[in-house]
>>> print(open('start30.pdb').read())   # PDB, C-alpha atoms and all ligand atoms
ATOM      1  CA  MET A   1      14.806 -80.416  33.651
ATOM      2  CA  PHE A   2      16.231 -78.484  30.703
ATOM      3  CA  GLU A   3      15.452 -81.440  28.492
ATOM      4  CA  ALA A   4      11.864 -81.461  29.725
ATOM      5  CA  MET A   5      11.498 -77.760  29.046
ATOM      6  CA  SER A   6      12.870 -77.993  25.536
ATOM      7  CA  GLY A   7      11.147 -81.273  24.660
ATOM      8  CA  LEU A   8       8.443 -81.717  22.086
ATOM      9  CA  ASN A   9       5.771 -83.088  24.334
ATOM     10  CA  ARG A  10       4.068 -80.117  25.935
ATOM     11  CA  PRO A  11       0.378 -80.831  26.333
ATOM     12  CA  GLU A  12      -0.247 -77.668  28.342
ATOM     13  CA  GLU A  13       0.948 -75.388  25.584
ATOM     14  CA  GLU A  14      -0.895 -74.249  22.510
ATOM     15  CA  ALA A  15      -0.047 -75.897  19.228
ATOM     16  CA  ASP A  16       1.887 -73.100  17.603
ATOM     17  CA  TRP A  17       4.897 -73.406  19.897
ATOM     18  CA  GLN A  18       6.281 -76.147  17.649
ATOM     19  CA  GLN A  19       7.160 -73.782  14.872
ATOM     20  CA  PHE A  20       9.565 -72.086  17.245
ATOM     21  CA  SER A  21      11.273 -75.118  18.644
ATOM     22  CA  SER A  22      12.711 -76.344  15.359
ATOM     23  CA  MET A  23      14.796 -73.203  14.966
ATOM     24  CA  LYS A  24      17.021 -73.491  17.964
ATOM     25  CA  GLN A  25      17.199 -75.599  21.102
ATOM     26  CA  VAL A  26      15.940 -73.489  23.976
ATOM     27  CA  ALA A  27      14.429 -74.549  27.282
ATOM     28  CA  TRP A  28      11.453 -72.265  27.677
ATOM     29  CA  LYS A  29       8.225 -71.655  29.503
ATOM     30  CA  THR A  30       5.392 -69.196  29.073
ATOM     31  CA  GLY A  31       2.768 -67.759  31.367
ATOM     32  CA  THR A  32      -0.375 -65.652  31.166
ATOM     33  CA  SER A  33      -1.980 -63.758  34.011
ATOM     34  CA  TYR A  34      -5.676 -63.582  34.721
ATOM     35  CA  GLY A  35      -7.391 -60.904  32.653
ATOM     36  CA  GLY A  36      -4.704 -60.726  29.963
ATOM     37  CA  ARG A  37      -2.544 -58.297  31.928
ATOM     38  CA  ASP A  38       0.761 -60.120  31.559
ATOM     39  CA  ALA A  39       2.138 -62.405  28.905
ATOM     40  CA  TRP A  40       5.583 -63.673  29.646
ATOM     41  CA  ALA A  41       8.117 -66.110  28.274
ATOM     42  CA  ILE A  42      11.459 -67.081  29.692
ATOM     43  CA  GLY A  43      14.112 -69.123  27.973
ATOM     44  CA  VAL A  44      17.488 -70.553  28.881
ATOM     45  CA  THR A  45      20.410 -72.028  26.970
ATOM     46  CA  PRO A  46      23.859 -72.836  28.389
ATOM     47  CA  ARG A  47      24.941 -69.248  27.621
ATOM     48  CA  TYR A  48      21.870 -66.993  27.661
ATOM     49  CA  VAL A  49      18.781 -66.410  29.771
ATOM     50  CA  VAL A  50      16.096 -64.334  28.040
ATOM     51  CA  GLY A  51      12.957 -63.009  29.706
ATOM     52  CA  VAL A  52      10.127 -61.316  27.799
ATOM     53  CA  TRP A  53       7.113 -59.539  29.257
ATOM     54  CA  VAL A  54       4.289 -58.200  27.091
ATOM     55  CA  GLY A  55       1.502 -56.033  28.424
ATOM     56  CA  ASN A  56       0.335 -52.498  29.041
ATOM     57  CA  ALA A  57       2.484 -50.441  31.404
ATOM     58  CA  THR A  58      -0.767 -49.173  32.936
ATOM     59  CA  GLY A  59      -1.687 -52.740  33.856
ATOM     60  CA  GLU A  60      -4.765 -52.671  31.657
ATOM     61  CA  GLY A  61      -5.718 -56.138  30.423
ATOM     62  CA  ARG A  62      -6.260 -57.161  26.854
ATOM     63  CA  SER A  63      -8.222 -60.242  25.837
ATOM     64  CA  GLY A  64      -6.271 -62.827  23.905
ATOM     65  CA  LEU A  65      -2.936 -61.717  25.362
ATOM     66  CA  THR A  66      -1.147 -64.994  26.095
ATOM     67  CA  GLY A  67       2.429 -65.890  26.807
ATOM     68  CA  VAL A  68       2.626 -68.393  23.995
ATOM     69  CA  GLY A  69       0.941 -66.085  21.489
ATOM     70  CA  TYR A  70       2.795 -62.830  22.154
ATOM     71  CA  ALA A  71       5.818 -63.258  24.431
ATOM     72  CA  ALA A  72       7.213 -66.515  22.999
ATOM     73  CA  PRO A  73       7.608 -65.210  19.412
ATOM     74  CA  ILE A  74       9.681 -62.286  20.737
ATOM     75  CA  LEU A  75      11.719 -64.687  22.849
ATOM     76  CA  PHE A  76      12.565 -66.781  19.801
ATOM     77  CA  ASP A  77      13.270 -63.684  17.702
ATOM     78  CA  ILE A  78      15.852 -62.712  20.306
ATOM     79  CA  TYR A  79      17.392 -66.180  20.360
ATOM     80  CA  SER A  80      17.637 -66.149  16.566
ATOM     81  CA  LEU A  81      19.854 -63.042  16.876
ATOM     82  CA  LEU A  82      22.109 -64.595  19.527
ATOM     83  CA  PRO A  83      25.105 -66.775  18.583
ATOM     84  CA  ASP A  84      24.618 -70.547  18.512
ATOM     85  CA  VAL A  85      25.950 -72.388  21.536
ATOM     86  CA  PRO A  86      26.225 -76.134  22.153
ATOM     87  CA  TRP A  87      23.481 -77.663  24.279
ATOM     88  CA  PHE A  88      24.054 -78.821  27.867
ATOM     89  CA  ASP A  89      26.145 -81.967  28.328
ATOM     90  CA  GLN A  90      24.411 -84.890  29.983
ATOM     91  CA  PRO A  91      25.783 -85.019  33.556
ATOM     92  CA  TYR A  92      26.335 -88.781  33.387
ATOM     93  CA  ASP A  93      28.293 -88.791  36.656
ATOM     94  CA  GLU A  94      25.105 -87.864  38.459
ATOM     95  CA  LEU A  95      22.788 -90.157  36.511
ATOM     96  CA  GLU A  96      22.032 -93.817  36.647
ATOM     97  CA  GLU A  97      20.185 -96.052  34.215
ATOM     98  CA  VAL A  98      17.012 -97.354  35.784
ATOM     99  CA  ALA A  99      14.008 -99.366  34.597
ATOM    100  CA  VAL A 100      10.913 -97.152  34.765
ATOM    101  CA  CYS A 101       7.266 -98.173  34.437
ATOM    102  CA  ARG A 102       6.007 -96.755  31.144
ATOM    103  CA  GLN A 103       2.523 -96.134  32.499
ATOM    104  CA  SER A 104       3.237 -94.585  35.873
ATOM    105  CA  GLY A 105       6.734 -93.146  35.448
ATOM    106  CA  HIS A 106       7.755 -94.638  38.791
ATOM    107  CA  LYS A 107      10.663 -97.045  39.093
ATOM    108  CA  ALA A 108       9.406-100.337  37.698
ATOM    109  CA  SER A 109       8.376-103.113  40.019
ATOM    110  CA  ALA A 110       8.633-106.770  39.059
ATOM    111  CA  ILE A 111       5.045-106.737  37.761
ATOM    112  CA  CYS A 112       5.122-103.598  35.588
ATOM    113  CA  ASP A 113       4.623-104.997  32.094
ATOM    114  CA  GLU A 114       5.996-102.165  29.955
ATOM    115  CA  VAL A 115       9.340-100.816  31.065
ATOM    116  CA  ASP A 116      11.651 -98.131  29.695
ATOM    117  CA  THR A 117      15.296 -97.882  30.645
ATOM    118  CA  VAL A 118      16.133 -94.239  31.254
ATOM    119  CA  TYR A 119      18.765 -92.151  32.964
ATOM    120  CA  ILE A 120      17.524 -90.617  36.193
ATOM    121  CA  PRO A 121      19.325 -88.484  38.793
ATOM    122  CA  ARG A 122      21.073 -90.584  41.449
ATOM    123  CA  THR A 123      18.942 -88.886  44.091
ATOM    124  CA  GLY A 124      15.863 -90.480  42.519
ATOM    125  CA  ILE A 125      17.051 -94.011  43.072
ATOM    126  CA  ALA A 126      15.699 -94.106  46.615
ATOM    127  CA  THR A 127      12.126 -93.402  45.412
ATOM    128  CA  ALA A 128       9.416 -96.029  45.699
ATOM    129  CA  VAL A 129       8.635 -98.476  42.918
ATOM    130  CA  CYS A 130       5.410 -98.219  40.902
ATOM    131  CA  PRO A 131       2.473 -98.579  43.311
ATOM    132  CA  TYR A 132      -0.148 -98.839  40.558
ATOM    133  CA  HIS A 133       0.578-102.201  38.987
ATOM    134  CA  ARG A 134      -1.106-104.783  41.125
ATOM    135  CA  ILE A 135      -1.544-108.500  40.958
ATOM    136  CA  VAL A 136      -5.239-109.253  40.531
ATOM    137  CA  HIS A 137      -7.009-112.566  40.440
ATOM    138  CA  LEU A 138      -9.557-113.149  37.711
ATOM    139  CA  SER A 139     -12.133-115.775  36.917
ATOM    140  CA  GLN A 140     -11.151-118.257  34.215
ATOM    141  CA  ASP A 141     -12.961-116.296  31.498
ATOM    142  CA  GLY A 142     -11.292-113.057  32.669
ATOM    143  CA  GLN A 143     -14.671-111.345  33.151
ATOM    144  CA  TYR A 144     -14.608-110.994  36.911
ATOM    145  CA  ARG A 145     -12.257-110.422  39.770
ATOM    146  CA  VAL A 146     -12.405-113.220  42.268
ATOM    147  CA  ASN A 147     -10.911-114.057  45.648
ATOM    148  CA  SER A 148     -10.783-117.014  47.943
ATOM    149  CA  SER A 149     -14.214-116.196  49.386
ATOM    150  CA  CYS A 150     -15.832-117.271  46.101
ATOM    151  CA  GLU A 151     -13.340-119.178  43.949
ATOM    152  CA  SER A 152     -10.869-121.978  44.415
ATOM    153  CA  VAL A 153      -7.279-120.881  43.991
ATOM    154  CA  SER A 154      -6.679-123.409  41.231
ATOM    155  CA  ARG A 155      -9.377-121.807  39.085
ATOM    156  CA  MET A 156      -8.035-118.231  39.391
ATOM    157  CA  GLN A 157      -5.803-116.606  36.834
ATOM    158  CA  GLU A 158      -3.210-114.159  38.041
ATOM    159  CA  ARG A 159      -2.671-110.943  36.087
ATOM    160  CA  SER A 160      -0.833-107.672  36.483
ATOM    161  CA  TRP A 161      -3.233-104.710  36.203
ATOM    162  CA  PHE A 162      -2.636-100.962  36.166
ATOM    163  CA  VAL A 163      -5.017 -99.578  38.784
ATOM    164  CA  LEU A 164      -5.220 -95.924  39.710
ATOM    165  CA  PRO A 165      -7.058 -94.627  42.764
ATOM    166  CA  PRO A 166     -10.562 -93.484  41.738
ATOM    167  CA  ALA A 167      -9.828 -89.745  41.707
ATOM    168  CA  GLN A 168      -6.725 -90.186  39.563
ATOM    169  CA  ALA A 169      -8.479 -92.617  37.238
ATOM    170  CA  TYR A 170     -11.250 -90.074  36.699
ATOM    171  CA  TYR A 171      -8.794 -87.572  35.186
ATOM    172  CA  TYR A 172      -6.433 -90.085  33.582
ATOM    173  CA  LYS A 173      -9.225 -91.687  31.537
ATOM    174  CA  ASN A 174      -9.855 -88.401  29.734
ATOM    175  CA  TYR A 175      -6.418 -88.598  28.146
ATOM    176  CA  HIS A 176      -5.860 -92.359  27.973
ATOM    177  CA  VAL A 177      -8.604 -94.237  26.156
ATOM    178  CA  GLU A 178      -6.658 -97.436  26.727
ATOM    179  CA  TYR A 179      -7.136 -97.250  30.499
ATOM    180  CA  GLN A 180      -9.102-100.269  31.583
ATOM    181  CA  ALA A 181     -10.891-100.246  34.888
ATOM    182  CA  LEU A 182     -10.641-103.374  36.968
ATOM    183  CA  PRO A 183     -13.216-106.008  36.024
ATOM    184  CA  PRO A 184     -16.098-106.109  38.494
ATOM    185  CA  LEU A 185     -15.953-108.407  41.459
ATOM    186  CA  LYS A 186     -17.780-111.661  40.758
ATOM    187  CA  PRO A 187     -21.212-111.683  42.406
ATOM    188  CA  GLY A 188     -20.930-113.500  45.691
ATOM    189  CA  CYS A 189     -17.368-112.351  46.362
ATOM    190  CA  GLU A 190     -16.804-110.117  49.365
ATOM    191  CA  GLU A 191     -14.738-106.965  49.394
ATOM    192  CA  ASP A 192     -14.512-103.707  51.256
ATOM    193  CA  GLN A 193     -15.438-101.224  48.553
ATOM    194  CA  SER A 194     -15.168 -97.953  50.479
ATOM    195  CA  ARG A 195     -11.874 -97.274  48.713
ATOM    196  CA  GLN A 196     -13.740 -97.093  45.415
ATOM    197  CA  ILE A 197     -15.408 -93.787  46.355
ATOM    198  CA  ALA A 198     -13.514 -90.536  45.879
ATOM    199  CA  ILE A 199     -14.792 -87.062  46.649
ATOM    200  CA  LEU A 200     -13.149 -84.730  44.130
ATOM    201  CA  TYR A 201     -14.509 -81.411  45.377
ATOM    202  CA  PRO A 202     -14.304 -80.072  47.974
ATOM    203  CA  GLU A 203     -11.184 -81.781  49.202
ATOM    204  CA  HIS A 204     -10.970 -83.015  52.758
ATOM    205  CA  GLN A 205     -10.350 -80.072  55.142
ATOM    206  CA  ALA A 206     -10.705 -77.513  52.339
ATOM    207  CA  VAL A 207     -11.632 -73.924  53.182
ATOM    208  CA  LEU A 208     -13.998 -72.419  50.604
ATOM    209  CA  TYR A 209     -14.629 -68.725  50.143
ATOM    210  CA  LEU A 210     -17.991 -68.331  48.487
ATOM    211  CA  PRO A 211     -18.162 -65.903  45.592
ATOM    212  CA  LYS A 212     -21.305 -63.867  45.102
ATOM    213  CA  GLY A 213     -23.143 -63.899  41.776
ATOM    214  CA  PHE A 214     -24.021 -60.826  39.725
ATOM    215  CA  SER A 215     -27.240 -60.323  41.645
ATOM    216  CA  GLY A 216     -25.350 -60.330  44.928
ATOM    217  CA  GLU A 217     -26.760 -63.691  45.980
ATOM    218  CA  ARG A 218     -24.541 -66.421  47.327
ATOM    219  CA  GLU A 219     -23.664 -69.043  44.745
ATOM    220  CA  LYS A 220     -24.061 -72.757  45.140
ATOM    221  CA  VAL A 221     -21.128 -75.036  45.803
ATOM    222  CA  VAL A 222     -20.902 -77.667  43.086
ATOM    223  CA  MET A 223     -19.606 -80.798  44.787
ATOM    224  CA  ARG A 224     -18.155 -83.612  42.697
ATOM    225  CA  ALA A 225     -17.294 -87.242  43.278
ATOM    226  CA  THR A 226     -16.438 -90.363  41.353
ATOM    227  CA  HIS A 227     -16.835 -94.099  41.828
ATOM    228  CA  ALA A 228     -14.600 -96.836  40.501
ATOM    229  CA  ARG A 229     -17.729 -98.482  39.058
ATOM    230  CA  SER A 230     -19.328 -96.418  36.277
ATOM    231  CA  ASP A 231     -22.885 -97.563  37.043
ATOM    232  CA  ALA A 232     -22.783 -96.690  40.732
ATOM    233  CA  THR A 233     -25.399 -94.506  42.422
ATOM    234  CA  PHE A 234     -24.413 -92.000  45.074
ATOM    235  CA  TYR A 235     -26.629 -90.747  47.902
ATOM    236  CA  TRP A 236     -25.431 -87.342  49.050
ATOM    237  CA  HIS A 237     -25.675 -86.041  52.612
ATOM    238  CA  LEU A 238     -24.515 -82.720  53.990
ATOM    239  CA  ASP A 239     -24.398 -82.620  57.786
ATOM    240  CA  ASP A 240     -26.756 -85.616  57.821
ATOM    241  CA  VAL A 241     -29.326 -83.855  55.624
ATOM    242  CA  TYR A 242     -30.123 -85.873  52.506
ATOM    243  CA  LEU A 243     -29.472 -83.836  49.330
ATOM    244  CA  GLY A 244     -30.308 -86.277  46.581
ATOM    245  CA  GLU A 245     -28.833 -89.018  44.418
ATOM    246  CA  THR A 246     -26.694 -89.030  41.291
ATOM    247  CA  ARG A 247     -25.860 -91.576  38.608
ATOM    248  CA  GLN A 248     -23.011 -91.526  36.085
ATOM    249  CA  ILE A 249     -22.258 -87.822  36.524
ATOM    250  CA  HIS A 250     -21.780 -87.272  40.213
ATOM    251  CA  GLN A 251     -22.292 -83.569  40.794
ATOM    252  CA  MET A 252     -24.433 -81.943  43.430
ATOM    253  CA  ALA A 253     -25.019 -78.196  43.669
ATOM    254  CA  CYS A 254     -25.991 -76.920  47.074
ATOM    255  CA  LEU A 255     -26.226 -73.632  48.944
ATOM    256  CA  VAL A 256     -23.896 -74.064  51.881
ATOM    257  CA  GLU A 257     -23.976 -71.809  54.947
ATOM    258  CA  PRO A 258     -20.711 -70.446  56.342
ATOM    259  CA  GLY A 259     -19.259 -72.784  58.964
ATOM    260  CA  ASN A 260     -17.951 -76.344  59.270
ATOM    261  CA  HIS A 261     -19.587 -79.142  57.333
ATOM    262  CA  ILE A 262     -19.441 -82.887  56.817
ATOM    263  CA  LEU A 263     -20.157 -84.235  53.341
ATOM    264  CA  THR A 264     -21.007 -87.937  53.276
ATOM    265  CA  LEU A 265     -21.565 -90.108  50.219
ATOM    266  CA  LEU A 266     -23.039 -93.560  50.249
ATOM    267  CA  ASP A 267     -23.315 -95.924  47.320
ATOM    268  CA  GLU A 268     -26.082 -98.475  46.843
ATOM    269  CA  ASP A 269     -23.974-101.142  48.534
ATOM    270  CA  GLY A 270     -23.746 -99.036  51.682
ATOM    271  CA  ASN A 271     -20.101 -98.073  51.248
ATOM    272  CA  ARG A 272     -19.490 -94.590  52.523
ATOM    273  CA  ARG A 273     -16.949 -91.812  52.449
ATOM    274  CA  SER A 274     -16.985 -88.553  54.416
ATOM    275  CA  ILE A 275     -14.940 -85.387  54.281
ATOM    276  CA  LEU A 276     -14.834 -82.232  56.396
ATOM    277  CA  PHE A 277     -14.742 -78.766  54.929
ATOM    278  CA  GLU A 278     -15.316 -75.188  55.964
ATOM    279  CA  VAL A 279     -17.096 -72.328  54.216
ATOM    280  CA  ARG A 280     -16.077 -68.743  54.946
ATOM    281  CA  LYS A 281     -17.679 -65.535  53.779
TER     282      LYS A 281
HETATM  283 ZN    ZN B   1       3.944 -99.922  36.873
END
>>> encode(input="start30.pdb", output="structure tokens")
Amino acid sequence: MFEAMSGLNRPEEEADWQQFSSMKQVAWKTGTSYGGRDAWAIGVTPRYVVGVWVGNATGEGRSGLTGVGYAAPILFDIYSLLPDVPWFDQPYDELEEVAVCRQSGHKASAICDEVDTVYIPRTGIATAVCPYHRIVHLSQDGQYRVNSSCESVSRMQERSWFVLPPAQAYYYKNYHVEYQALPPLKPGCEEDQSRQIAILYPEHQAVLYLPKGFSGEREKVVMRATHARSDATFYWHLDDVYLGETRQIHQMACLVEPGNHILTLLDEDGNRRSILFEVRK
């Protein structure tokens, strides 16, 4: 954990943290509260824990007050005054070298194609192997997925493919241009496609508290979904009332009354997914 918090790869942080990290090895984390009321940074080395809070004692907020911008520089100023101490020793007695899937970070299965050998805590050895690399069967030209309902086994090629569930793929693609969706199923092949629909918002059994807009009117709920196929069309239904259809960007804004609701999405192939949610005042 200390390695992770002192490492170079911190996508959630702003860029200027790097100038600090070269000075001294410190495991550190920053935070910023809503409205710029609190900027904090906390750091740890084998000898010293340093906490920094920046803000107004009255609690008044200030725009632009962030942990990384204001608290972290003070944190590193303090560490630069403290004596150097050696970094933590690797606790090799509690670690074991394990093959890990480079794409998922899970323990590698036999079909994960890129594997890193890393030390992990012994307690992690019992975790499941990568569930995202799957064997898929493709047509001879590799353009389509096929199965025994439409292709003879001798004409299939077997490949390992990294497949995320639709909701995860939706976010993962934004940061990984190399992510390749599964090829489409060859026309004439049969498959249950309901798993390809994911409702991103609201989540199943969510409770929503509706904010009011500036004019005091209730605001619409913006519901979002995604489909494993980018050209899919969704037909949206709330409590069996048809709301409309979406293509490519699957968002539907709707005024929703307080109470329990069922959101149902259908695609053009008739696959459906439903979730329950509740709206409270
Ligand atoms: Zn894998």
>>> residues_around(input="start30.pdb", residues="segment 124-136 of chain A", least_positions_apart="5", cutoff="7 Å", atoms="all atoms listed in the file", output="list in words")
Cys101, Ser104, His106, Lys107, Ala108, Ser109, Ile111, Cys112, Glu158, Arg159, Ser160, Trp161, Phe162, Val163 and Leu164 of chain A
>>> atom_distance(input="start30.pdb", atom1="atom CA of His250 of chain A", atom2="atom CA of Ala167 of chain A")
12.3 Å
>>> residues_around(input="start30.pdb", residues="Pro165 of chain A", least_positions_apart="2", cutoff="12 Å", atoms="all atoms listed in the file", output="ChimeraX atom specification")
/A:131-134,162-163,167-173,181-182,194-200,226-229
>>> atom_distance(input="start30.pdb", atom1="atom CA of Ile78 of chain A", atom2="atom CA of Val52 of chain A")
9.5 Å
>>> resolve_selection(input="start30.pdb", expression="the PyMOL selection byres (((chain A and resi 145-155) around 10) and not hetatm)", output="number ranges by chain")
A: 136-140, 142-144, 156-158, 182-191
>>> residues_around(input="start30.pdb", residues="segment 55-58 of chain A", least_positions_apart="5", cutoff="12 Å", atoms="all atoms listed in the file", output="ChimeraX atom specification")
/A:32-33,35-40,63-67,70-71
>>> closest_residue(input="start30.pdb", among="A:Tyr48, A:Asp93, A:Asp116, A:Gly59", to="ligand ZN 1 (chain B)", atoms="only C-alpha atoms and all ligand atoms")
A:Asp116
